[in-house]
file coords21.cif (mmCIF, C-alpha atoms and all ligand atoms)
data_entry
loop_
_atom_site.label_atom_id
_atom_site.label_comp_id
_atom_site.auth_asym_id
_atom_site.auth_seq_id
_atom_site.Cartn_x
_atom_site.Cartn_y
_atom_site.Cartn_z
CA MET V 1 -13.44 -31.54 5.24
CA SER V 2 -14.56 -30.10 1.93
CA GLU V 3 -12.74 -27.89 -0.52
CA ARG V 4 -14.30 -24.71 -1.85
CA LYS V 5 -12.59 -23.68 -5.09
CA ILE V 6 -12.84 -20.00 -5.90
CA GLY V 7 -11.93 -18.54 -9.28
CA ILE V 8 -9.96 -15.29 -9.10
CA ILE V 9 -9.38 -13.05 -12.11
CA MET V 10 -5.94 -11.48 -11.63
CA ASN V 11 -5.73 -8.47 -13.94
CA GLY V 12 -2.34 -6.74 -14.23
CA VAL V 13 -0.64 -9.81 -12.79
CA SER V 14 2.41 -9.51 -15.04
CA GLY V 15 3.39 -6.26 -13.26
CA ARG V 16 5.79 -5.85 -10.36
CA MET V 17 3.18 -6.06 -7.59
CA GLY V 18 0.93 -8.50 -9.44
CA THR V 19 3.64 -11.10 -10.02
CA ASN V 20 5.69 -10.85 -6.85
CA GLN V 21 3.35 -9.96 -4.04
CA HIS V 22 -0.04 -11.11 -5.26
CA LEU V 23 0.65 -14.14 -7.41
CA ILE V 24 3.84 -15.67 -5.97
CA ARG V 25 3.85 -14.50 -2.35
CA SER V 26 0.07 -14.67 -1.85
CA ILE V 27 -2.11 -16.80 -4.13
CA LEU V 28 0.50 -19.44 -4.99
CA ALA V 29 1.73 -19.53 -1.39
CA ILE V 30 -1.86 -20.07 -0.21
CA ARG V 31 -2.26 -22.90 -2.72
CA GLN V 32 1.03 -24.44 -1.61
CA GLN V 33 0.03 -24.38 2.06
CA GLY V 34 -3.20 -26.22 1.15
CA GLY V 35 -5.62 -23.29 1.01
CA VAL V 36 -7.29 -21.21 3.71
CA LYS V 37 -9.16 -23.13 6.37
CA LEU V 38 -12.47 -21.88 7.73
CA GLU V 39 -13.71 -22.77 11.21
CA ASN V 40 -16.48 -24.94 9.73
CA GLY V 41 -13.88 -27.25 8.21
CA VAL V 42 -14.18 -25.91 4.66
CA THR V 43 -10.91 -25.14 2.89
CA ILE V 44 -10.87 -22.25 0.41
CA MET V 45 -8.68 -22.99 -2.61
CA PRO V 46 -7.93 -20.06 -4.90
CA ASP V 47 -8.00 -20.85 -8.62
CA PRO V 48 -6.35 -17.92 -10.41
CA ILE V 49 -6.75 -16.92 -14.03
CA LEU V 50 -3.95 -14.61 -15.16
CA VAL V 51 -5.18 -11.64 -17.20
CA GLY V 52 -3.31 -8.97 -19.12
CA ARG V 53 -2.49 -7.56 -22.53
CA SER V 54 0.49 -9.68 -23.56
CA GLU V 55 -0.18 -13.30 -24.47
CA ALA V 56 3.55 -14.08 -24.42
CA LYS V 57 4.04 -12.70 -20.89
CA LEU V 58 0.98 -14.45 -19.50
CA LYS V 59 1.87 -17.76 -21.11
CA ALA V 60 5.39 -17.59 -19.69
CA LEU V 61 4.15 -16.57 -16.24
CA ALA V 62 1.55 -19.35 -16.19
CA ALA V 63 4.10 -21.94 -17.34
CA ALA V 64 6.71 -20.80 -14.81
CA HIS V 65 4.26 -21.33 -11.95
CA GLY V 66 2.22 -24.27 -13.19
CA ILE V 67 -0.99 -22.26 -13.61
CA ALA V 68 -3.51 -23.66 -16.08
CA ARG V 69 -5.61 -20.59 -16.78
CA TRP V 70 -4.63 -17.32 -18.46
CA SER V 71 -6.38 -14.93 -20.84
CA THR V 72 -6.08 -11.63 -22.68
CA ASN V 73 -9.86 -11.27 -22.78
CA LEU V 74 -11.21 -9.73 -19.59
CA ASP V 75 -14.83 -9.79 -20.77
CA GLU V 76 -14.72 -13.55 -21.29
CA CYS V 77 -13.22 -14.07 -17.83
CA LEU V 78 -15.93 -11.88 -16.29
CA ALA V 79 -18.63 -13.87 -18.09
CA ASP V 80 -17.43 -17.11 -16.44
CA ALA V 81 -19.47 -17.71 -13.27
CA ASN V 82 -16.63 -19.78 -11.77
CA ASN V 83 -14.61 -16.60 -11.42
CA GLU V 84 -16.11 -15.04 -8.31
CA ILE V 85 -13.43 -12.48 -7.45
CA TYR V 86 -11.97 -9.76 -9.64
CA PHE V 87 -8.50 -8.60 -8.54
CA ASP V 88 -6.81 -5.56 -10.11
CA SER V 89 -3.13 -4.60 -9.96
CA GLN V 90 -3.01 -2.70 -13.22
CA THR V 91 -1.57 0.81 -13.25
CA THR V 92 -3.82 3.10 -11.23
CA VAL V 93 -5.42 5.02 -14.14
CA LEU V 94 -6.63 1.79 -15.74
CA ARG V 95 -8.28 0.41 -12.62
CA ALA V 96 -11.66 2.17 -12.51
CA GLU V 97 -12.84 1.09 -15.96
CA SER V 98 -12.09 -2.59 -15.32
CA MET V 99 -13.55 -2.44 -11.82
CA ARG V 100 -16.80 -1.00 -13.21
CA LYS V 101 -17.00 -3.93 -15.64
CA ALA V 102 -16.36 -6.39 -12.79
CA ILE V 103 -19.08 -4.77 -10.69
CA ALA V 104 -21.53 -5.02 -13.61
CA ALA V 105 -20.61 -8.71 -13.87
CA GLY V 106 -21.35 -9.22 -10.17
CA LYS V 107 -17.83 -10.11 -9.03
CA HIS V 108 -16.46 -9.49 -5.56
CA LEU V 109 -13.62 -7.00 -5.78
CA TYR V 110 -10.12 -6.76 -4.40
CA CYS V 111 -7.52 -4.31 -5.71
CA GLU V 112 -4.26 -2.52 -5.24
CA LYS V 113 -4.15 0.99 -3.86
CA PRO V 114 -4.87 3.70 -4.86
CA THR V 115 -8.30 2.43 -5.91
CA ALA V 116 -8.60 5.31 -8.40
CA SER V 117 -6.75 8.49 -9.30
CA THR V 118 -9.56 10.88 -8.24
CA LEU V 119 -11.72 10.89 -5.12
CA GLU V 120 -14.83 11.12 -7.25
CA GLU V 121 -13.96 7.91 -9.06
CA ALA V 122 -12.85 6.15 -5.85
CA LEU V 123 -16.18 7.01 -4.18
CA GLU V 124 -18.11 5.95 -7.27
CA LEU V 125 -16.46 2.50 -7.21
CA ALA V 126 -17.18 2.10 -3.49
CA ARG V 127 -20.81 3.13 -3.97
CA LEU V 128 -21.38 0.89 -7.01
CA ALA V 129 -19.85 -2.13 -5.28
CA ASN V 130 -21.85 -1.61 -2.10
CA GLU V 131 -25.12 -0.98 -3.96
CA ALA V 132 -24.57 -4.21 -5.89
CA GLY V 133 -23.98 -6.05 -2.59
CA LEU V 134 -20.50 -7.12 -3.64
CA LYS V 135 -17.76 -7.74 -1.11
CA ASN V 136 -14.83 -5.45 -1.67
CA GLY V 137 -11.36 -4.83 -0.36
CA VAL V 138 -8.23 -2.78 -0.93
CA VAL V 139 -4.60 -3.69 -0.29
CA GLN V 140 -3.37 -1.92 2.87
CA ASP V 141 -0.20 -3.92 3.20
CA LYS V 142 1.82 -1.60 5.43
CA LEU V 143 -0.52 -2.43 8.32
CA PHE V 144 0.79 -6.00 8.17
CA LEU V 145 4.50 -5.16 8.23
CA PRO V 146 6.17 -6.66 11.30
CA GLY V 147 7.59 -3.25 12.30
CA VAL V 148 4.17 -1.61 12.04
CA LEU V 149 2.45 -4.48 13.88
CA LYS V 150 4.94 -3.99 16.70
CA LEU V 151 4.14 -0.27 16.79
CA LYS V 152 0.45 -1.14 16.98
CA ARG V 153 1.22 -3.47 19.86
CA LEU V 154 2.96 -0.57 21.66
CA VAL V 155 0.04 1.80 21.01
CA ASP V 156 -2.46 -0.79 22.29
CA SER V 157 -0.39 -1.42 25.44
CA GLY V 158 -0.40 2.27 26.33
CA PHE V 159 3.41 2.34 26.16
CA PHE V 160 3.63 5.87 24.71
CA GLY V 161 1.46 7.69 27.26
CA ARG V 162 0.14 10.67 25.29
CA ILE V 163 1.42 10.47 21.73
CA LEU V 164 2.95 13.78 20.69
CA SER V 165 4.30 13.27 17.21
CA VAL V 166 5.03 10.80 14.42
CA ARG V 167 7.94 11.17 11.99
CA ILE V 168 7.96 9.04 8.88
CA GLU V 169 10.92 8.90 6.55
CA PHE V 170 10.23 6.93 3.41
CA GLY V 171 12.29 6.61 0.29
CA TYR V 172 15.44 5.62 -1.51
CA TRP V 173 17.33 6.53 -4.65
CA VAL V 174 15.48 5.40 -7.77
CA PHE V 175 17.99 5.32 -10.59
CA GLU V 176 17.29 7.63 -13.49
CA GLY V 177 17.67 4.81 -16.02
CA ASP V 178 20.52 6.17 -18.15
CA TRP V 179 23.61 4.39 -16.81
CA GLN V 180 21.74 2.04 -14.46
CA ALA V 181 18.16 0.82 -15.04
CA GLY V 182 15.52 2.39 -12.82
CA GLN V 183 14.08 0.01 -10.23
CA ARG V 184 10.51 1.34 -10.48
CA PRO V 185 8.22 1.47 -13.55
CA SER V 186 8.60 4.65 -15.64
CA TRP V 187 4.85 5.47 -15.44
CA ASN V 188 5.49 6.37 -11.78
CA TYR V 189 7.21 9.56 -13.02
CA ARG V 190 4.56 10.63 -15.55
CA GLN V 191 1.45 12.35 -14.24
CA GLU V 192 -0.51 11.58 -17.41
CA ASP V 193 0.00 7.84 -16.73
CA GLY V 194 -1.14 8.06 -13.09
CA GLY V 195 2.32 8.55 -11.58
CA GLY V 196 3.46 10.76 -8.71
CA ILE V 197 4.64 10.00 -5.19
CA ILE V 198 1.75 11.90 -3.56
CA VAL V 199 -0.93 9.79 -5.29
CA ASP V 200 1.10 6.67 -4.56
CA MET V 201 2.27 7.17 -0.97
CA PHE V 202 -0.44 9.32 0.62
CA ALA V 203 -2.78 6.36 0.02
CA HIS V 204 -0.52 4.40 2.39
CA TRP V 205 0.01 7.19 4.92
CA ARG V 206 -3.73 7.67 5.28
CA TYR V 207 -4.45 4.16 6.50
CA VAL V 208 -1.24 3.90 8.54
CA LEU V 209 -1.96 7.15 10.41
CA ASP V 210 -5.73 6.54 10.75
CA ASN V 211 -5.32 2.97 11.99
CA LEU V 212 -2.40 3.44 14.36
CA PHE V 213 -2.50 6.93 15.77
CA GLY V 214 -5.72 8.81 14.95
CA ASN V 215 -7.73 10.00 11.97
CA VAL V 216 -6.01 12.55 9.75
CA LYS V 217 -7.72 15.90 10.22
CA SER V 218 -5.62 18.31 8.19
CA VAL V 219 -2.82 18.30 5.63
CA SER V 220 -0.06 20.59 4.43
CA CYS V 221 2.06 19.33 1.58
CA LEU V 222 4.91 20.53 -0.56
CA GLY V 223 5.65 18.35 -3.56
CA THR V 224 8.37 18.66 -6.13
CA THR V 225 9.97 16.94 -9.09
CA HIS V 226 13.61 16.73 -8.09
CA ILE V 227 14.70 14.71 -11.14
CA PRO V 228 13.27 16.27 -14.32
CA LYS V 229 14.46 13.67 -16.84
CA ARG V 230 14.60 9.88 -16.70
CA TRP V 231 15.01 6.96 -19.09
CA ASP V 232 12.24 4.38 -19.52
CA GLU V 233 12.24 0.57 -19.75
CA LYS V 234 13.30 0.77 -23.40
CA GLY V 235 16.15 3.18 -22.66
CA GLN V 236 14.26 6.16 -24.13
CA PRO V 237 14.57 9.52 -22.34
CA TYR V 238 11.36 11.13 -21.10
CA THR V 239 10.36 14.24 -19.18
CA CYS V 240 9.20 13.62 -15.61
CA THR V 241 5.81 15.28 -15.24
CA ALA V 242 4.94 13.85 -11.82
CA ASP V 243 6.19 14.68 -8.33
CA ASP V 244 8.99 12.43 -7.05
CA ALA V 245 9.18 13.83 -3.51
CA ALA V 246 6.59 15.10 -1.04
CA TYR V 247 7.16 16.85 2.26
CA GLY V 248 3.91 16.52 4.20
CA THR V 249 2.66 17.52 7.62
CA PHE V 250 -0.56 16.15 9.04
CA GLU V 251 -2.65 16.99 12.08
CA LEU V 252 -4.32 13.95 13.58
CA GLU V 253 -7.14 13.52 16.03
CA GLY V 254 -5.96 14.14 19.56
CA GLY V 255 -3.52 16.86 18.49
CA ILE V 256 -0.86 14.43 17.24
CA ILE V 257 1.43 15.95 14.60
CA ALA V 258 2.78 13.69 11.87
CA GLN V 259 5.56 14.75 9.59
CA VAL V 260 6.08 12.54 6.57
CA ASN V 261 8.84 12.77 3.99
CA SER V 262 8.41 10.60 0.90
CA SER V 263 11.08 10.63 -1.77
CA TRP V 264 12.45 8.65 -4.69
CA ALA V 265 15.41 11.02 -4.78
CA VAL V 266 17.03 10.42 -1.40
CA ARG V 267 19.96 8.23 -0.39
CA VAL V 268 19.39 6.07 2.64
CA ASP V 269 21.28 6.90 5.83
CA ARG V 270 18.83 5.23 8.18
CA GLU V 271 18.11 1.70 9.24
CA ASP V 272 15.45 0.94 6.63
CA LEU V 273 13.62 2.24 3.55
CA LEU V 274 10.75 3.18 5.84
CA ASN V 275 11.30 4.52 9.33
CA ILE V 276 8.54 5.55 11.69
CA GLN V 277 9.44 7.34 14.91
CA VAL V 278 6.77 7.92 17.52
CA ASP V 279 7.35 10.16 20.53
CA GLY V 280 5.08 10.05 23.54
CA THR V 281 5.16 11.41 27.06
CA GLU V 282 6.05 7.99 28.51
CA GLY V 283 8.25 6.60 25.79
CA SER V 284 9.32 6.61 22.15
CA ALA V 285 9.64 3.99 19.44
CA ALA V 286 11.34 3.76 16.07
CA ALA V 287 10.20 1.11 13.61
CA GLY V 288 11.46 -0.10 10.25
CA LEU V 289 9.88 -2.69 7.99
CA ARG V 290 10.54 -5.53 10.42
CA GLU V 291 12.30 -4.18 13.50
CA CYS V 292 11.08 -1.87 16.22
CA LYS V 293 12.99 -0.41 19.14
CA VAL V 294 11.86 1.58 22.13
CA GLN V 295 13.15 4.01 24.71
CA HIS V 296 11.12 4.48 27.87
CA ARG V 297 11.24 7.76 29.79
CA VAL V 298 13.18 6.06 32.62
CA ASN V 299 15.90 5.08 30.12
CA THR V 300 16.06 8.42 28.36
CA PRO V 301 19.53 9.97 28.42
CA LYS V 302 20.03 13.68 29.10
CA PRO V 303 22.14 15.20 26.33
CA VAL V 304 23.42 18.74 26.73
CA TRP V 305 24.13 20.82 23.63
CA ASN V 306 27.88 21.40 23.40
CA PRO V 307 29.55 21.30 19.99
CA ASP V 308 32.94 22.06 21.63
CA VAL V 309 33.35 18.50 22.86
CA ALA V 310 33.13 15.14 21.10
CA ASN V 311 29.65 13.62 21.34
CA PRO V 312 29.72 11.35 24.44
CA PHE V 313 26.48 9.55 23.47
CA ARG V 314 25.93 6.57 21.22
CA PHE V 315 22.28 7.40 20.73
CA ARG V 316 21.41 4.37 18.60
CA GLU V 317 22.69 2.02 21.31
CA GLN V 318 20.35 3.48 23.91
CA TRP V 319 17.24 1.75 22.57
CA GLU V 320 15.79 -1.67 23.35
CA THR V 321 14.54 -4.08 20.70
CA VAL V 322 10.89 -5.13 20.71
CA PRO V 323 10.85 -8.95 20.34
CA ASP V 324 8.93 -10.67 17.55
CA ASN V 325 6.89 -12.92 19.90
CA GLN V 326 5.04 -14.28 16.88
CA ILE V 327 5.65 -15.49 13.35
CA PHE V 328 5.10 -12.78 10.76
CA ASP V 329 3.77 -14.01 7.42
CA ASN V 330 3.89 -11.93 4.22
CA GLY V 331 1.50 -9.02 4.72
CA PHE V 332 -0.06 -9.25 1.26
CA LYS V 333 -0.79 -12.94 1.86
CA VAL V 334 -2.29 -12.30 5.29
CA GLN V 335 -4.64 -9.73 3.80
CA TRP V 336 -5.59 -12.07 0.93
CA GLU V 337 -6.43 -14.80 3.44
CA LEU V 338 -8.64 -12.41 5.39
CA PHE V 339 -10.37 -11.31 2.18
CA LEU V 340 -11.01 -14.89 1.07
CA LYS V 341 -12.50 -15.65 4.49
CA HIS V 342 -14.63 -12.54 4.09
CA VAL V 343 -15.94 -13.64 0.68
CA VAL V 344 -16.54 -17.30 1.45
CA GLY V 345 -17.04 -17.38 5.20
CA ASP V 346 -18.51 -13.90 5.82
CA ALA V 347 -15.71 -12.93 8.23
CA PRO V 348 -15.44 -9.17 8.76
CA PHE V 349 -13.04 -7.20 6.56
CA ARG V 350 -12.43 -3.55 7.42
CA TRP V 351 -10.31 -2.45 4.50
CA ASP V 352 -12.99 -1.90 1.88
CA LEU V 353 -13.22 0.43 -1.14
CA MET V 354 -14.50 3.24 1.09
CA GLU V 355 -11.36 2.97 3.25
CA GLY V 356 -9.37 2.99 0.00
CA ALA V 357 -11.17 6.15 -1.11
CA LYS V 358 -9.86 7.90 2.01
CA GLY V 359 -6.34 7.36 0.68
CA THR V 360 -7.18 8.98 -2.64
CA GLN V 361 -8.90 11.80 -0.76
CA LEU V 362 -5.72 12.56 1.20
CA ALA V 363 -3.62 12.46 -1.97
CA GLU V 364 -6.00 14.84 -3.72
CA LEU V 365 -5.97 17.26 -0.79
CA GLY V 366 -2.18 16.99 -0.56
CA LEU V 367 -1.90 17.99 -4.21
CA LEU V 368 -4.30 20.89 -3.63
CA SER V 369 -2.37 22.05 -0.56
CA TRP V 370 0.83 22.06 -2.60
CA LYS V 371 -0.82 23.95 -5.47
CA GLU V 372 -2.47 26.56 -3.26
CA ARG V 373 0.37 26.68 -0.69
CA ARG V 374 -1.98 26.27 2.30
CA TRP V 375 -3.26 23.91 5.04
CA ILE V 376 -6.39 21.96 4.10
CA ASP V 377 -8.83 20.21 6.44
CA VAL V 378 -9.87 16.66 5.56
CA PRO V 379 -13.67 16.27 5.41
CA ASP V 380 -15.24 13.15 6.90
CA LEU V 381 -16.13 10.57 4.25
CA GLU V 382 -18.03 8.29 6.62
CA GLY V 383 -21.31 9.92 5.57
CA CYS V 384 -20.69 8.68 2.01
CA ARG V 385 -21.00 5.03 3.06
N1 LIG W 1 0.80 -1.90 -2.11
C1 LIG W 1 1.98 -1.43 -2.46
O1 LIG W 1 2.89 -1.31 -1.66
C2 LIG W 1 2.22 -1.03 -3.89
C3 LIG W 1 3.55 -0.85 -4.34
C4 LIG W 1 3.75 -0.50 -5.67
C5 LIG W 1 2.66 -0.32 -6.52
N2 LIG W 1 1.40 -0.46 -6.03
C6 LIG W 1 0.23 -0.26 -6.92
O2 LIG W 1 0.07 -1.41 -7.74
C7 LIG W 1 -0.33 -1.02 -9.06
C8 LIG W 1 0.65 -1.59 -10.07
O3 LIG W 1 1.94 -1.08 -9.81
P1 LIG W 1 3.26 -1.85 -10.31
O4 LIG W 1 4.39 -1.19 -9.61
O5 LIG W 1 3.08 -3.30 -10.17
O6 LIG W 1 3.28 -1.42 -11.85
P2 LIG W 1 3.81 -2.25 -13.13
O7 LIG W 1 4.05 -1.24 -14.16
O8 LIG W 1 4.92 -3.15 -12.75
O9 LIG W 1 2.56 -3.16 -13.51
C9 LIG W 1 1.41 -2.62 -14.10
C10 LIG W 1 0.52 -3.68 -14.69
O10 LIG W 1 -0.50 -3.04 -15.46
C11 LIG W 1 -0.48 -3.55 -16.79
N3 LIG W 1 -0.85 -2.56 -17.78
C12 LIG W 1 -1.97 -2.60 -18.53
N4 LIG W 1 -2.00 -1.57 -19.38
C13 LIG W 1 -0.90 -0.85 -19.17
C14 LIG W 1 -0.37 0.34 -19.76
N5 LIG W 1 -1.03 0.99 -20.73
N6 LIG W 1 0.80 0.82 -19.28
C15 LIG W 1 1.47 0.18 -18.30
N7 LIG W 1 1.02 -0.96 -17.71
C16 LIG W 1 -0.15 -1.46 -18.15
C17 LIG W 1 0.94 -4.04 -16.99
O11 LIG W 1 0.98 -5.00 -18.00
C18 LIG W 1 1.25 -4.63 -15.64
O12 LIG W 1 0.70 -5.91 -15.53
C19 LIG W 1 -0.43 0.50 -9.04
O13 LIG W 1 -1.76 0.89 -8.84
C20 LIG W 1 0.41 0.91 -7.85
O14 LIG W 1 -0.04 2.11 -7.24
C21 LIG W 1 1.17 -0.81 -4.75
#
call {"tool": "encode", "arguments": {"input": "coords21.cif", "output": "structure tokens", "more": "lines below"}}
Ligand SMILES: NC(=O)c1ccc[n+]([C@@H]2O[C@H](COP(=O)([O-])OP(=O)(O)OC[C@H]3O[C@@H](n4cnc5c(N)ncnc54)[C@H](O)[C@@H]3O)[C@@H](O)[C@H]2O)c1
result
Amino acid sequence: MSERKIGIIMNGVSGRMGTNQHLIRSILAIRQQGGVKLENGVTIMPDPILVGRSEAKLKALAAAHGIARWSTNLDECLADANNEIYFDSQTTVLRAESMRKAIAAGKHLYCEKPTASTLEEALELARLANEAGLKNGVVQDKLFLPGVLKLKRLVDSGFFGRILSVRIEFGYWVFEGDWQAGQRPSWNYRQEDGGGIIVDMFAHWRYVLDNLFGNVKSVSCLGTTHIPKRWDEKGQPYTCTADDAAYGTFELEGGIIAQVNSSWAVRVDREDLLNIQVDGTEGSAAAGLRECKVQHRVNTPKPVWNPDVANPFRFREQWETVPDNQIFDNGFKVQWELFLKHVVGDAPFRWDLMEGAKGTQLAELGLLSWKERRWIDVPDLEGCR
């Protein structure tokens, strides 16, 4: 049994996603479990170097988690041959420039979504990485949520019959920041800083819809900025220039219709922050982040519209729970493990920069649909590979 240490530059690691999901829940958790084992007996051991702008933040983060390496100098980290992977969880607008540098330095690449804020840039990154023969991957974490994995299980089993429609409700109330601090970074609400719920969430909806139900063929989207003024991390008021809600409809391959509401200005009267309902000829399912319940056609009640009498149905009790039947690990960690196996052991990895570009493509077309108030078809990007 030999250990294969692999240096990973983690840029933007002091942010919300960088610290919680990528450092603590993924890289440190992988180190704590003793690395990632390959079939040939080799164990991959990630060796992170924390990178960012603030020396104080990085020092504190490294000390809190017993990490030896941190730096505010990306170029120096890229020049070190021991660092084989470049990971980026900076704000979206900053990503492309650093990724280009990492490609020039010959590093394998893994990054948060969206990979870039424009399709042109996202495609450029994918092309540059592939031409340089570098392995590359993009976070597509929702595919690894227990609730979504259960939905996938149902799709694969043929449970739904012919799938008719998908309804996604995503969102929660993000505080404005005046009398209670906002629970998301303020750049999310400024277009000039790469914010906006369409750019953010359509990147997720693309891979969720494509991978579970069928490729997205067409989009209609209405965005809006419901809350025009918020207060930032320092308590300063600012004008919201980015969309904070998007009401999208998508046509998928096979005639499936998906309706997706995304909002940071909605209060939750549902079972989870994300709910996905799928209706098919043979049965329906409703999934949250972890749970999933089903109703087969033979168990479907027959309500009759009559507002003159009290509702005799307890609709939510008429569903059956899909059992776990497996242990679900953190989705970010699972994807990191697969990427490490891809880099070191050559295992396949489907979620590359080109897949990531598809997310940015859908966001861009969603924004265009909103602007021009019309349906827009989604061109195939496969030819760009
Ligand atoms: N996969 C997911 O579910 C998911 C969820 C949220 C965010 N994200 C993505 O992760 C990325 C980071 O999002 P986050 O919520 O962690 O943001 P964040 O604001 O918490 O972190 C951003 C990071 O970028 C760094 N940074 C460098 N220059 C900066 C600048 N000029 N202004 C602001 N920050 C700067 C910050 O120091 C920090 O480390 C984004 O691309 C976002 O789209 C993904």
call {"tool": "axis_aligned_box", "arguments": {"input": "coords21.cif", "around": "ligand LIG 1 (chain W)", "padding_each_side": "5 Å", "output": "lines of an AutoDock Vina configuration file"}}
result
center_x = 1.5
center_y = -1.9
center_z = -11.2
size_x = 16.9
size_y = 18.0
size_z = 29.1
call {"tool": "closest_residue", "arguments": {"input": "coords21.cif", "among": "V:Ala363, V:Ala116, V:Val304, V:Val219", "to": "ligand LIG 1 (chain W)", "atoms": "all atoms listed in the file"}}
result
V:Ala116
call {"tool": "residues_near_ligand", "arguments": {"input": "coords21.cif", "ligand": "ligand LIG 1 (chain W)", "cutoff": "6 Å", "atoms": "all atoms listed in the file", "output": "PDB file with C-alpha atoms, keeping the file's coordinate frame"}}
result
ATOM      1  CA  GLY V  12      -2.340  -6.740 -14.230  1.00  0.00           C
ATOM      2  CA  VAL V  13      -0.640  -9.810 -12.790  1.00  0.00           C
ATOM      3  CA  SER V  14       2.410  -9.510 -15.040  1.00  0.00           C
ATOM      4  CA  GLY V  15       3.390  -6.260 -13.260  1.00  0.00           C
ATOM      5  CA  ARG V  16       5.790  -5.850 -10.360  1.00  0.00           C
ATOM      6  CA  MET V  17       3.180  -6.060  -7.590  1.00  0.00           C
ATOM      7  CA  GLY V  18       0.930  -8.500  -9.440  1.00  0.00           C
ATOM      8  CA  GLY V  52      -3.310  -8.970 -19.120  1.00  0.00           C
ATOM      9  CA  SER V  89      -3.130  -4.600  -9.960  1.00  0.00           C
ATOM     10  CA  GLN V  90      -3.010  -2.700 -13.220  1.00  0.00           C
ATOM     11  CA  THR V  91      -1.570   0.810 -13.250  1.00  0.00           C
ATOM     12  CA  THR V  92      -3.820   3.100 -11.230  1.00  0.00           C
ATOM     13  CA  GLU V 112      -4.260  -2.520  -5.240  1.00  0.00           C
ATOM     14  CA  LYS V 113      -4.150   0.990  -3.860  1.00  0.00           C
ATOM     15  CA  PRO V 114      -4.870   3.700  -4.860  1.00  0.00           C
ATOM     16  CA  VAL V 139      -4.600  -3.690  -0.290  1.00  0.00           C
ATOM     17  CA  ASP V 141      -0.200  -3.920   3.200  1.00  0.00           C
ATOM     18  CA  PRO V 185       8.220   1.470 -13.550  1.00  0.00           C
ATOM     19  CA  ASP V 200       1.100   6.670  -4.560  1.00  0.00           C
TER      20      ASP V 200
END
call {"tool": "closest_residue", "arguments": {"input": "coords21.cif", "among": "V:Ser218, V:Asn306, V:Ser117, V:Asn11", "to": "V:Ala102", "atoms": "only C-alpha atoms"}}
result
V:Asn11
call {"tool": "residues_near_point", "arguments": {"input": "coords21.cif", "point": "(-16.0, -21.7, -13.1)", "cutoff": "9 Å", "atoms": "only C-alpha atoms", "output": "number ranges by chain"}}
result
V: 5-7, 80-84
call {"tool": "residues_near_point", "arguments": {"input": "coords21.cif", "point": "(0.0, -12.2, -22.5)", "cutoff": "12 Å", "atoms": "all atoms listed in the file", "output": "list in words"}}
result
Asn11, Gly12, Val13, Ser14, Gly15, Ile49, Leu50, Val51, Gly52, Arg53, Ser54, Glu55, Ala56, Lys57, Leu58, Lys59, Ala60, Leu61, Ala62, Ala63, Arg69, Trp70, Ser71, Thr72, Asn73 and Leu74 of chain V
call {"tool": "atom_distance", "arguments": {"input": "coords21.cif", "atom1": "atom CA of V:Trp231", "atom2": "atom CA of V:Asn20"}}
result
23.5 Å
call {"tool": "closest_atom_pairs", "arguments": {"input": "coords21.cif", "of": "stretch 119-180 of chain V", "to": "stretch 284-288 of chain V", "cutoff": "8 Å", "atoms": "only C-alpha atoms", "output": "Markdown table"}}
result
| residue | atom | partner | partner_atom | distance |
| --- | --- | --- | --- | --- |
| V:Gly147 | CA | V:Ala287 | CA | 5.2 |
| V:Val148 | CA | V:Ala287 | CA | 6.8 |
| V:Lys150 | CA | V:Ala287 | CA | 8.0 |
| V:Leu151 | CA | V:Ala287 | CA | 7.0 |
| V:Phe160 | CA | V:Ser284 | CA | 6.3 |
call {"tool": "atom_distance", "arguments": {"input": "coords21.cif", "atom1": "atom CA of V:Ala203", "atom2": "atom CA of V:His226"}}
result
21.0 Å
call {"tool": "residues_around", "arguments": {"input": "coords21.cif", "residues": "V:Met45", "least_positions_apart": "4", "cutoff": "12 Å", "atoms": "only C-alpha atoms", "output": "ChimeraX atom specification"}}
result
/V:2-8,27-38,336-337,340-341,344
call {"tool": "write_last_selection", "arguments": {"input": "coords21.cif", "atoms": "C-alpha atoms", "output": "compact mmCIF listing (two decimals), keeping the file's coordinate frame"}}
result
# COMPACT_ATOMS: atom_id res chain seq x y z
CA SER V 2 -14.56 -30.10 1.93
CA GLU V 3 -12.74 -27.89 -0.52
CA ARG V 4 -14.30 -24.71 -1.85
CA LYS V 5 -12.59 -23.68 -5.09
CA ILE V 6 -12.84 -20.00 -5.90
CA GLY V 7 -11.93 -18.54 -9.28
CA ILE V 8 -9.96 -15.29 -9.10
CA ILE V 27 -2.11 -16.80 -4.13
CA LEU V 28 0.50 -19.44 -4.99
CA ALA V 29 1.73 -19.53 -1.39
CA ILE V 30 -1.86 -20.07 -0.21
CA ARG V 31 -2.26 -22.90 -2.72
CA GLN V 32 1.03 -24.44 -1.61
CA GLN V 33 0.03 -24.38 2.06
CA GLY V 34 -3.20 -26.22 1.15
CA GLY V 35 -5.62 -23.29 1.01
CA VAL V 36 -7.29 -21.21 3.71
CA LYS V 37 -9.16 -23.13 6.37
CA LEU V 38 -12.47 -21.88 7.73
CA TRP V 336 -5.59 -12.07 0.93
CA GLU V 337 -6.43 -14.80 3.44
CA LEU V 340 -11.01 -14.89 1.07
CA LYS V 341 -12.50 -15.65 4.49
CA VAL V 344 -16.54 -17.30 1.45
call {"tool": "atom_distance", "arguments": {"input": "coords21.cif", "atom1": "atom CA of V:Ser263", "atom2": "atom CA of V:Asp244"}}
result
6.0 Å
call {"tool": "closest_residue", "arguments": {"input": "coords21.cif", "among": "V:Ser262, V:Arg270, V:Leu154, V:Val166", "to": "V:Pro323", "atoms": "only C-alpha atoms"}}
result
V:Leu154
